file work_20.pdb (PDB, C-alpha atoms, pLDDT in the B column)
MODEL        1
ATOM      1  CA  MET K 183     -13.239  14.316  15.772  1.00 88.00           C
ATOM      2  CA  ILE K 184     -12.030  10.750  15.260  1.00 96.00           C
ATOM      3  CA  ASN K 185     -10.943   8.613  18.209  1.00 98.00           C
ATOM      4  CA  ILE K 186      -8.570   5.671  17.758  1.00 98.00           C
ATOM      5  CA  LYS K 187      -8.136   2.587  19.922  1.00 98.00           C
ATOM      6  CA  LYS K 188      -5.362   0.122  19.113  1.00 98.00           C
ATOM      7  CA  PHE K 189      -5.573  -3.526  20.106  1.00 98.00           C
ATOM      8  CA  THR K 190      -2.625  -5.872  19.606  1.00 98.00           C
ATOM      9  CA  PHE K 191      -3.895  -9.360  18.882  1.00 98.00           C
ATOM     10  CA  ASN K 192      -2.847 -12.917  18.007  1.00 96.00           C
ATOM     11  CA  LEU K 193       0.518 -14.645  17.819  1.00 94.00           C
ATOM     12  CA  PHE K 194       1.754 -12.155  15.218  1.00 96.00           C
ATOM     13  CA  ASN K 195       1.250  -9.081  17.453  1.00 98.00           C
ATOM     14  CA  GLU K 196      -1.024  -7.588  14.819  1.00 98.00           C
ATOM     15  CA  ASN K 197      -2.470  -4.122  15.363  1.00 98.00           C
ATOM     16  CA  THR K 198      -6.240  -3.933  15.100  1.00 98.00           C
ATOM     17  CA  TYR K 199      -7.631  -0.399  14.981  1.00 99.00           C
ATOM     18  CA  LEU K 200     -11.057   0.748  16.081  1.00 98.00           C
ATOM     19  CA  LEU K 201     -11.956   4.308  15.093  1.00 98.00           C
ATOM     20  CA  TRP K 202     -15.094   6.241  15.792  1.00 98.00           C
ATOM     21  CA  ASP K 203     -16.679   9.656  15.608  1.00 97.00           C
ATOM     22  CA  ASP K 204     -17.074  11.537  18.886  1.00 94.00           C
ATOM     23  CA  SER K 205     -20.587  12.776  18.291  1.00 95.00           C
ATOM     24  CA  THR K 206     -22.348   9.994  16.376  1.00 97.00           C
ATOM     25  CA  LYS K 207     -20.410   7.025  17.862  1.00 98.00           C
ATOM     26  CA  ASP K 208     -20.333   5.530  14.361  1.00 98.00           C
ATOM     27  CA  ALA K 209     -17.281   3.263  14.150  1.00 98.00           C
ATOM     28  CA  ALA K 210     -15.081   1.284  11.786  1.00 98.00           C
ATOM     29  CA  ILE K 211     -12.670  -1.517  12.536  1.00 98.00           C
ATOM     30  CA  ILE K 212      -9.511  -1.972  10.487  1.00 99.00           C
ATOM     31  CA  ASP K 213      -7.898  -5.420  10.235  1.00 98.00           C
ATOM     32  CA  PRO K 214      -9.541  -7.326  13.111  1.00 98.00           C
ATOM     33  CA  GLY K 215      -6.952  -9.838  14.240  1.00 97.00           C
ATOM     34  CA  CYS K 216      -8.723 -11.126  17.358  1.00 97.00           C
ATOM     35  CA  HIS K 217      -8.395 -14.905  17.457  1.00 95.00           C
ATOM     36  CA  ALA K 218      -8.577 -16.153  21.046  1.00 95.00           C
ATOM     37  CA  ARG K 219     -11.888 -15.927  22.878  1.00 97.00           C
ATOM     38  CA  SER K 220     -10.284 -13.519  25.368  1.00 98.00           C
ATOM     39  CA  GLU K 221      -9.365 -11.191  22.483  1.00 98.00           C
ATOM     40  CA  GLU K 222     -12.903 -11.293  21.139  1.00 98.00           C
ATOM     41  CA  TYR K 223     -14.220 -10.406  24.596  1.00 98.00           C
ATOM     42  CA  GLU K 224     -11.733  -7.542  24.895  1.00 98.00           C
ATOM     43  CA  LEU K 225     -12.940  -6.043  21.634  1.00 98.00           C
ATOM     44  CA  GLN K 226     -16.610  -6.705  22.359  1.00 98.00           C
ATOM     45  CA  ASN K 227     -16.450  -5.202  25.836  1.00 98.00           C
ATOM     46  CA  PHE K 228     -14.747  -2.047  24.586  1.00 98.00           C
ATOM     47  CA  ILE K 229     -17.350  -1.544  21.864  1.00 98.00           C
ATOM     48  CA  ALA K 230     -20.170  -2.056  24.362  1.00 98.00           C
ATOM     49  CA  SER K 231     -18.706   0.171  27.086  1.00 98.00           C
ATOM     50  CA  SER K 232     -18.052   2.934  24.554  1.00 98.00           C
ATOM     51  CA  CYS K 233     -21.592   2.622  23.099  1.00 98.00           C
ATOM     52  CA  LEU K 234     -20.240   2.359  19.563  1.00 98.00           C
ATOM     53  CA  ASN K 235     -22.205   1.603  16.418  1.00 98.00           C
ATOM     54  CA  LEU K 236     -19.838  -0.549  14.368  1.00 98.00           C
ATOM     55  CA  LYS K 237     -20.775   0.233  10.772  1.00 98.00           C
ATOM     56  CA  TYR K 238     -17.713  -0.812   8.790  1.00 98.00           C
ATOM     57  CA  LEU K 239     -15.200  -3.651   8.699  1.00 98.00           C
ATOM     58  CA  ILE K 240     -12.151  -2.845   6.574  1.00 98.00           C
ATOM     59  CA  ASN K 241      -9.244  -5.056   5.579  1.00 98.00           C
ATOM     60  CA  THR K 242      -6.181  -3.211   4.328  1.00 98.00           C
ATOM     61  CA  HIS K 243      -5.069  -6.605   3.001  1.00 98.00           C
ATOM     62  CA  CYS K 244      -5.936 -10.226   3.600  1.00 97.00           C
ATOM     63  CA  HIS K 245      -2.981 -11.979   5.181  1.00 97.00           C
ATOM     64  CA  ILE K 246      -4.159 -14.335   7.874  1.00 96.00           C
ATOM     65  CA  ASP K 247      -3.023 -12.250  10.850  1.00 96.00           C
ATOM     66  CA  HIS K 248      -5.225  -9.373   9.663  1.00 98.00           C
ATOM     67  CA  ILE K 249      -8.383 -11.411   9.025  1.00 97.00           C
ATOM     68  CA  LEU K 250      -8.575 -13.792  11.994  1.00 97.00           C
ATOM     69  CA  GLY K 251     -11.361 -11.748  13.600  1.00 97.00           C
ATOM     70  CA  CYS K 252     -13.421 -11.020  10.493  1.00 98.00           C
ATOM     71  CA  SER K 253     -15.896 -13.855  11.089  1.00 97.00           C
ATOM     72  CA  PHE K 254     -16.470 -12.798  14.693  1.00 97.00           C
ATOM     73  CA  VAL K 255     -16.930  -9.117  13.808  1.00 98.00           C
ATOM     74  CA  LYS K 256     -19.211  -9.848  10.853  1.00 98.00           C
ATOM     75  CA  GLU K 257     -21.397 -12.274  12.792  1.00 97.00           C
ATOM     76  CA  LYS K 258     -21.579 -10.122  15.928  1.00 98.00           C
ATOM     77  CA  TYR K 259     -22.162  -6.669  14.398  1.00 98.00           C
ATOM     78  CA  ASN K 260     -22.966  -7.236  10.703  1.00 98.00           C
ATOM     79  CA  PRO K 261     -20.991  -4.201   9.495  1.00 98.00           C
ATOM     80  CA  LEU K 262     -20.434  -3.469   5.826  1.00 98.00           C
ATOM     81  CA  TYR K 263     -17.311  -5.475   5.029  1.00 98.00           C
ATOM     82  CA  LEU K 264     -14.821  -4.031   2.540  1.00 98.00           C
ATOM     83  CA  ALA K 265     -11.586  -5.626   1.310  1.00 98.00           C
ATOM     84  CA  PRO K 266      -9.301  -5.441  -1.739  1.00 98.00           C
ATOM     85  CA  GLU K 267     -10.530  -7.439  -4.730  1.00 98.00           C
ATOM     86  CA  LYS K 268      -7.017  -8.534  -5.709  1.00 98.00           C
ATOM     87  CA  ASP K 269      -6.550 -10.108  -2.263  1.00 98.00           C
ATOM     88  CA  ILE K 270      -9.600 -12.372  -2.544  1.00 97.00           C
ATOM     89  CA  PRO K 271      -7.419 -15.425  -3.353  1.00 96.00           C
ATOM     90  CA  LEU K 272      -5.918 -15.004   0.126  1.00 95.00           C
ATOM     91  CA  LEU K 273      -9.387 -15.229   1.677  1.00 94.00           C
ATOM     92  CA  VAL K 274     -10.448 -18.162  -0.479  1.00 94.00           C
ATOM     93  CA  ASN K 275      -7.261 -20.024   0.416  1.00 93.00           C
ATOM     94  CA  VAL K 276      -7.174 -19.074   4.078  1.00 92.00           C
ATOM     95  CA  SER K 277      -6.722 -22.682   5.184  1.00 93.00           C
ATOM     96  CA  GLN K 278      -3.486 -22.857   3.175  1.00 92.00           C
ATOM     97  CA  GLN K 279      -2.360 -19.604   4.749  1.00 92.00           C
ATOM     98  CA  ALA K 280      -3.049 -21.111   8.162  1.00 90.00           C
ATOM     99  CA  GLN K 281      -1.155 -24.314   7.404  1.00 91.00           C
ATOM    100  CA  MET K 282       1.908 -22.315   6.352  1.00 88.00           C
ATOM    101  CA  VAL K 283       2.130 -20.775   9.835  1.00 88.00           C
ATOM    102  CA  GLY K 284       1.098 -23.879  11.770  1.00 89.00           C
ATOM    103  CA  MET K 285      -2.466 -22.790  12.532  1.00 90.00           C
ATOM    104  CA  ASP K 286      -5.827 -24.504  12.194  1.00 86.00           C
ATOM    105  CA  PHE K 287      -8.109 -21.931  10.591  1.00 88.00           C
ATOM    106  CA  SER K 288     -10.377 -22.726   7.687  1.00 80.00           C
ATOM    107  CA  PHE K 289     -12.903 -19.968   7.004  1.00 87.00           C
ATOM    108  CA  SER K 290     -13.093 -16.210   6.592  1.00 93.00           C
ATOM    109  CA  PRO K 291     -16.102 -14.425   5.066  1.00 95.00           C
ATOM    110  CA  LEU K 292     -15.931 -12.704   1.708  1.00 97.00           C
ATOM    111  CA  PRO K 293     -16.438  -8.916   1.600  1.00 98.00           C
ATOM    112  CA  ASP K 294     -19.712  -7.220   0.816  1.00 98.00           C
ATOM    113  CA  GLU K 295     -17.892  -4.695  -1.378  1.00 98.00           C
ATOM    114  CA  TYR K 296     -14.435  -4.249  -2.829  1.00 98.00           C
ATOM    115  CA  LEU K 297     -12.242  -1.342  -1.849  1.00 98.00           C
ATOM    116  CA  THR K 298     -11.305   1.136  -4.569  1.00 98.00           C
ATOM    117  CA  GLU K 299      -9.820   4.614  -4.503  1.00 98.00           C
ATOM    118  CA  ASN K 300     -13.391   5.846  -5.110  1.00 98.00           C
ATOM    119  CA  THR K 301     -14.805   4.125  -2.007  1.00 98.00           C
ATOM    120  CA  LYS K 302     -16.633   6.627   0.218  1.00 93.00           C
ATOM    121  CA  ILE K 303     -16.884   6.050   3.964  1.00 96.00           C
ATOM    122  CA  ILE K 304     -17.831   8.820   6.369  1.00 96.00           C
ATOM    123  CA  LEU K 305     -17.815   8.621  10.168  1.00 97.00           C
ATOM    124  CA  GLY K 306     -19.716  11.627  11.460  1.00 94.00           C
ATOM    125  CA  LYS K 307     -18.270  14.385   9.303  1.00 93.00           C
ATOM    126  CA  THR K 308     -14.930  12.673   8.679  1.00 96.00           C
ATOM    127  CA  GLU K 309     -14.186  10.972   5.383  1.00 97.00           C
ATOM    128  CA  LEU K 310     -11.903   7.961   5.084  1.00 98.00           C
ATOM    129  CA  ILE K 311      -9.815   8.040   1.910  1.00 98.00           C
ATOM    130  CA  PHE K 312      -8.440   4.842   0.403  1.00 98.00           C
ATOM    131  CA  LEU K 313      -5.016   4.767  -1.222  1.00 98.00           C
ATOM    132  CA  SER K 314      -4.101   1.827  -3.446  1.00 98.00           C
ATOM    133  CA  THR K 315      -0.698   0.648  -2.188  1.00 98.00           C
ATOM    134  CA  PRO K 316       0.101  -2.816  -3.588  1.00 98.00           C
ATOM    135  CA  GLY K 317       3.415  -4.564  -3.155  1.00 98.00           C
ATOM    136  CA  HIS K 318       3.114  -6.392   0.161  1.00 98.00           C
ATOM    137  CA  THR K 319       0.039  -8.043  -1.332  1.00 98.00           C
ATOM    138  CA  PRO K 320      -1.444  -7.490  -4.805  1.00 98.00           C
ATOM    139  CA  GLY K 321      -4.368  -5.424  -3.547  1.00 98.00           C
ATOM    140  CA  GLU K 322      -3.399  -3.663  -0.321  1.00 98.00           C
ATOM    141  CA  PHE K 323      -4.891  -0.269   0.556  1.00 98.00           C
ATOM    142  CA  CYS K 324      -3.914   2.330   3.139  1.00 98.00           C
ATOM    143  CA  VAL K 325      -6.606   4.360   4.902  1.00 98.00           C
ATOM    144  CA  HIS K 326      -6.018   8.106   5.059  1.00 98.00           C
ATOM    145  CA  ILE K 327      -7.872  10.731   7.085  1.00 98.00           C
ATOM    146  CA  LEU K 328      -6.770  13.931   5.427  1.00 96.00           C
ATOM    147  CA  GLU K 329      -8.046  16.569   7.846  1.00 93.00           C
ATOM    148  CA  GLU K 330      -6.659  14.796  10.901  1.00 96.00           C
ATOM    149  CA  TYR K 331      -3.244  13.908   9.432  1.00 98.00           C
ATOM    150  CA  ILE K 332      -3.698  10.178  10.016  1.00 98.00           C
ATOM    151  CA  CYS K 333      -2.874   7.186   7.837  1.00 98.00           C
ATOM    152  CA  PHE K 334      -3.385   3.507   8.612  1.00 98.00           C
ATOM    153  CA  THR K 335      -0.607   1.878   6.624  1.00 98.00           C
ATOM    154  CA  GLY K 336      -1.333  -1.831   7.072  1.00 98.00           C
ATOM    155  CA  ASP K 337       1.813  -3.797   6.265  1.00 98.00           C
ATOM    156  CA  VAL K 338       3.121  -1.274   3.720  1.00 98.00           C
ATOM    157  CA  LEU K 339       5.104   1.109   5.928  1.00 98.00           C
ATOM    158  CA  PHE K 340       6.279   0.607   9.516  1.00 98.00           C
ATOM    159  CA  PHE K 341       8.369   2.388  12.108  1.00 98.00           C
ATOM    160  CA  ASP K 342      11.871   1.964  10.625  1.00 98.00           C
ATOM    161  CA  SER K 343      10.755  -0.723   8.182  1.00 98.00           C
ATOM    162  CA  ILE K 344       8.629  -1.665   5.178  1.00 98.00           C
ATOM    163  CA  GLY K 345       6.398  -4.594   4.340  1.00 98.00           C
ATOM    164  CA  ARG K 346       7.685  -8.001   3.334  1.00 97.00           C
ATOM    165  CA  THR K 347       7.595  -8.861  -0.351  1.00 97.00           C
ATOM    166  CA  ASP K 348       8.592 -12.536  -0.170  1.00 94.00           C
ATOM    167  CA  LEU K 349       5.050 -13.802   0.398  1.00 89.00           C
ATOM    168  CA  TRP K 350       2.429 -14.663  -2.250  1.00 88.00           C
ATOM    169  CA  GLY K 351       1.857 -11.747  -4.628  1.00 91.00           C
ATOM    170  CA  GLY K 352       4.544  -9.558  -3.069  1.00 96.00           C
ATOM    171  CA  ASN K 353       6.726  -7.379  -5.261  1.00 98.00           C
ATOM    172  CA  TYR K 354       9.513  -5.164  -3.949  1.00 98.00           C
ATOM    173  CA  ASN K 355       9.499  -2.607  -6.766  1.00 98.00           C
ATOM    174  CA  THR K 356       5.724  -2.293  -6.592  1.00 98.00           C
ATOM    175  CA  LEU K 357       5.873  -1.775  -2.830  1.00 98.00           C
ATOM    176  CA  MET K 358       8.543   0.915  -3.091  1.00 98.00           C
ATOM    177  CA  ASN K 359       6.545   2.710  -5.784  1.00 98.00           C
ATOM    178  CA  SER K 360       3.460   2.617  -3.565  1.00 98.00           C
ATOM    179  CA  ILE K 361       5.368   4.097  -0.645  1.00 98.00           C
ATOM    180  CA  SER K 362       7.018   6.767  -2.785  1.00 98.00           C
ATOM    181  CA  GLU K 363       3.968   7.804  -4.782  1.00 98.00           C
ATOM    182  CA  LYS K 364       1.157   7.423  -2.239  1.00 98.00           C
ATOM    183  CA  LEU K 365       2.651   7.774   1.256  1.00 98.00           C
ATOM    184  CA  LEU K 366       5.767   9.929   1.164  1.00 98.00           C
ATOM    185  CA  ASN K 367       3.779  12.653  -0.587  1.00 96.00           C
ATOM    186  CA  LEU K 368       1.506  12.996   2.446  1.00 98.00           C
ATOM    187  CA  PRO K 369       2.226  15.883   4.848  1.00 98.00           C
ATOM    188  CA  SER K 370       5.271  15.166   7.029  1.00 98.00           C
ATOM    189  CA  GLU K 371       3.212  15.519  10.205  1.00 98.00           C
ATOM    190  CA  THR K 372       0.866  12.713   9.145  1.00 98.00           C
ATOM    191  CA  VAL K 373       0.845  10.047  11.863  1.00 98.00           C
ATOM    192  CA  ILE K 374       1.076   6.500  10.537  1.00 98.00           C
ATOM    193  CA  TYR K 375      -0.606   3.615  12.327  1.00 98.00           C
ATOM    194  CA  PRO K 376       0.957   0.402  10.954  1.00 98.00           C
ATOM    195  CA  GLY K 377      -0.249  -3.175  11.105  1.00 98.00           C
ATOM    196  CA  HIS K 378       2.551  -4.120  13.509  1.00 98.00           C
ATOM    197  CA  GLY K 379       4.684  -2.174  15.936  1.00 98.00           C
ATOM    198  CA  ASP K 380       4.649   1.450  16.982  1.00 98.00           C
ATOM    199  CA  GLN K 381       3.181   4.481  15.282  1.00 98.00           C
ATOM    200  CA  SER K 382       5.401   7.016  13.547  1.00 98.00           C
ATOM    201  CA  THR K 383       5.105   9.969  11.174  1.00 98.00           C
ATOM    202  CA  ILE K 384       5.706  10.325   7.470  1.00 98.00           C
ATOM    203  CA  GLY K 385       8.418  12.901   8.179  1.00 98.00           C
ATOM    204  CA  ARG K 386      10.267  10.599  10.542  1.00 98.00           C
ATOM    205  CA  GLU K 387      10.200   7.702   8.109  1.00 98.00           C
ATOM    206  CA  LYS K 388      11.391   9.902   5.260  1.00 97.00           C
ATOM    207  CA  SER K 389      14.392  10.945   7.325  1.00 97.00           C
ATOM    208  CA  LEU K 390      15.263   7.854   9.353  1.00 98.00           C
ATOM    209  CA  ASN K 391      13.725   4.704   7.856  1.00 98.00           C
ATOM    210  CA  PRO K 392      16.772   2.772   6.592  1.00 97.00           C
ATOM    211  CA  PHE K 393      14.788   1.267   3.713  1.00 97.00           C
ATOM    212  CA  LEU K 394      13.909   4.724   2.351  1.00 97.00           C
ATOM    213  CA  GLN K 395      17.359   6.280   2.296  1.00 91.00           C
ATOM    214  CA  GLY K 396      19.583   6.674  -0.753  1.00 69.00           C
TER     215      GLY K 396
ENDMDL
END

call {"tool": "encode", "arguments": {"input": "work_20.pdb", "output": "structure tokens"}}
result
Amino acid sequence: MINIKKFTFNLFNENTYLLWDDSTKDAAIIDPGCHARSEEYELQNFIASSCLNLKYLINTHCHIDHILGCSFVKEKYNPLYLAPEKDIPLLVNVSQQAQMVGMDFSFSPLPDEYLTENTKIILGKTELIFLSTPGHTPGEFCVHILEEYICFTGDVLFFDSIGRTDLWGGNYNTLMNSISEKLLNLPSETVIYPGHGDQSTIGREKSLNPFLQG
């Protein structure tokens, strides 16, 4: 069974997700946004108190609010770091990203491997499936756990909203195709864990999300 802990970090109220297998304690972190020292301590203390073995660092996409903690996590735990290849320009130009939002931040590590839809990650007996869902950024992926009806949707799909497409590499039609083809075909009971805000379900968003009606 997979356990999930949500942390909400940084000035953008970004959701960082830690997930781990009950029996092995093998863990993955999705989109570490910890920036302040207090946020790093919060994450570190939870990992230590839960006796977790952090094996994977995953970026759904590489906007600054989702990568602020990558250096800390990589240096502290040395997990295998995976991120979308098409989002690498965002990592390389992280200082420009920071300047655009009034921050001083100049370095984020590059991934060890690129995410693809063939990427295989297993925590205990649970496989993480990667769905290519560009549109918010050129390379964004969602992370799906089929047998547990869970999907981490990054900044693609939110409670009552969808991702922005007015930032670098964003494209509205591409985003809507990603949502329609990759997410709305998931079982209605699938719980979505977005990069900001509250969780929801695919069924709820199909029925009530104002951006998906008509």

call {"tool": "residues_around", "arguments": {"input": "work_20.pdb", "residues": "range 230-246 of chain K", "least_positions_apart": "6", "cutoff": "7 Å", "atoms": "only C-alpha atoms", "output": "PyMOL selection string"}}
result
chain K and resi 207-213+259+261-266+269+272-273+276+279-280+319+321-324+336

call {"tool": "atom_distance", "arguments": {"input": "work_20.pdb", "atom1": "CA of Ile332 in chain K", "atom2": "CA of Asp204 in chain K"}}
result
16.1 Å

call {"tool": "residues_around", "arguments": {"input": "work_20.pdb", "residues": "Gly317 in chain K", "least_positions_apart": "6", "cutoff": "10 Å", "atoms": "all atoms listed in the file", "output": "ChimeraX atom specification"}}
result
/K:337-338,345-348,351-361

call {"tool": "resolve_selection", "arguments": {"input": "work_20.pdb", "expression": "the PyMOL selection byres ((chain K and resi 194) around 10)", "output": "short mmCIF file (atom, residue, chain, number, x, y, z; two decimals) with C-alpha atoms, keeping the file's coordinate frame"}}
result
data_model
loop_
_atom_site.label_atom_id
_atom_site.label_comp_id
_atom_site.auth_asym_id
_atom_site.auth_seq_id
_atom_site.Cartn_x
_atom_site.Cartn_y
_atom_site.Cartn_z
CA THR K 190 -2.62 -5.87 19.61
CA PHE K 191 -3.90 -9.36 18.88
CA ASN K 192 -2.85 -12.92 18.01
CA LEU K 193 0.52 -14.64 17.82
CA ASN K 195 1.25 -9.08 17.45
CA GLU K 196 -1.02 -7.59 14.82
CA ASN K 197 -2.47 -4.12 15.36
CA GLY K 215 -6.95 -9.84 14.24
CA ILE K 246 -4.16 -14.34 7.87
CA ASP K 247 -3.02 -12.25 10.85
CA HIS K 248 -5.22 -9.37 9.66
CA HIS K 378 2.55 -4.12 13.51
#

call {"tool": "resolve_selection", "arguments": {"input": "work_20.pdb", "expression": "the PyMOL selection byres ((chain K and resi 217) around 10)", "output": "list of chain:residue names"}}
result
K:Phe191, K:Asn192, K:Leu193, K:Pro214, K:Gly215, K:Cys216, K:Ala218, K:Arg219, K:Ser220, K:Glu221, K:Glu222, K:Asp247, K:Ile249, K:Leu250, K:Gly251, K:Cys252, K:Ser253, K:Phe254, K:Phe287

call {"tool": "atom_distance", "arguments": {"input": "work_20.pdb", "atom1": "CA of Glu257 in chain K", "atom2": "CA of Phe228 in chain K"}}
result
17.0 Å

call {"tool": "closest_residue", "arguments": {"input": "work_20.pdb", "among": "K:Tyr199, K:Thr206, K:Val255, K:Ile374", "to": "Gly306 in chain K", "atoms": "all atoms listed in the file"}}
result
K:Thr206

call {"tool": "resolve_selection", "arguments": {"input": "work_20.pdb", "expression": "the PyMOL selection byres ((chain K and resi 389-393) around 9)", "output": "ChimeraX atom specification"}}
result
/K:340-344,384-388,394-396

call {"tool": "atom_distance", "arguments": {"input": "work_20.pdb", "atom1": "CA of Ser288 in chain K", "atom2": "CA of Pro271 in chain K"}}
result
13.6 Å

call {"tool": "residues_around", "arguments": {"input": "work_20.pdb", "residues": "Ile186 in chain K", "least_positions_apart": "2", "cutoff": "8 Å", "atoms": "all atoms listed in the file", "output": "ChimeraX atom specification"}}
result
/K:184,188,199-202

call {"tool": "residues_around", "arguments": {"input": "work_20.pdb", "residues": "Phe312 in chain K", "least_positions_apart": "3", "cutoff": "9 Å", "atoms": "only C-alpha atoms", "output": "PyMOL selection string"}}
result
chain K and resi 297-302+323-327

call {"tool": "closest_residue", "arguments": {"input": "work_20.pdb", "among": "K:Val274, K:Leu339, K:Leu349, K:Leu328", "to": "Tyr375 in chain K", "atoms": "only C-alpha atoms"}}
result
K:Leu339

call {"tool": "closest_residue", "arguments": {"input": "work_20.pdb", "among": "K:Lys307, K:Thr198, K:Glu224, K:Leu292", "to": "Met183 in chain K", "atoms": "all atoms listed in the file"}}
result
K:Lys307
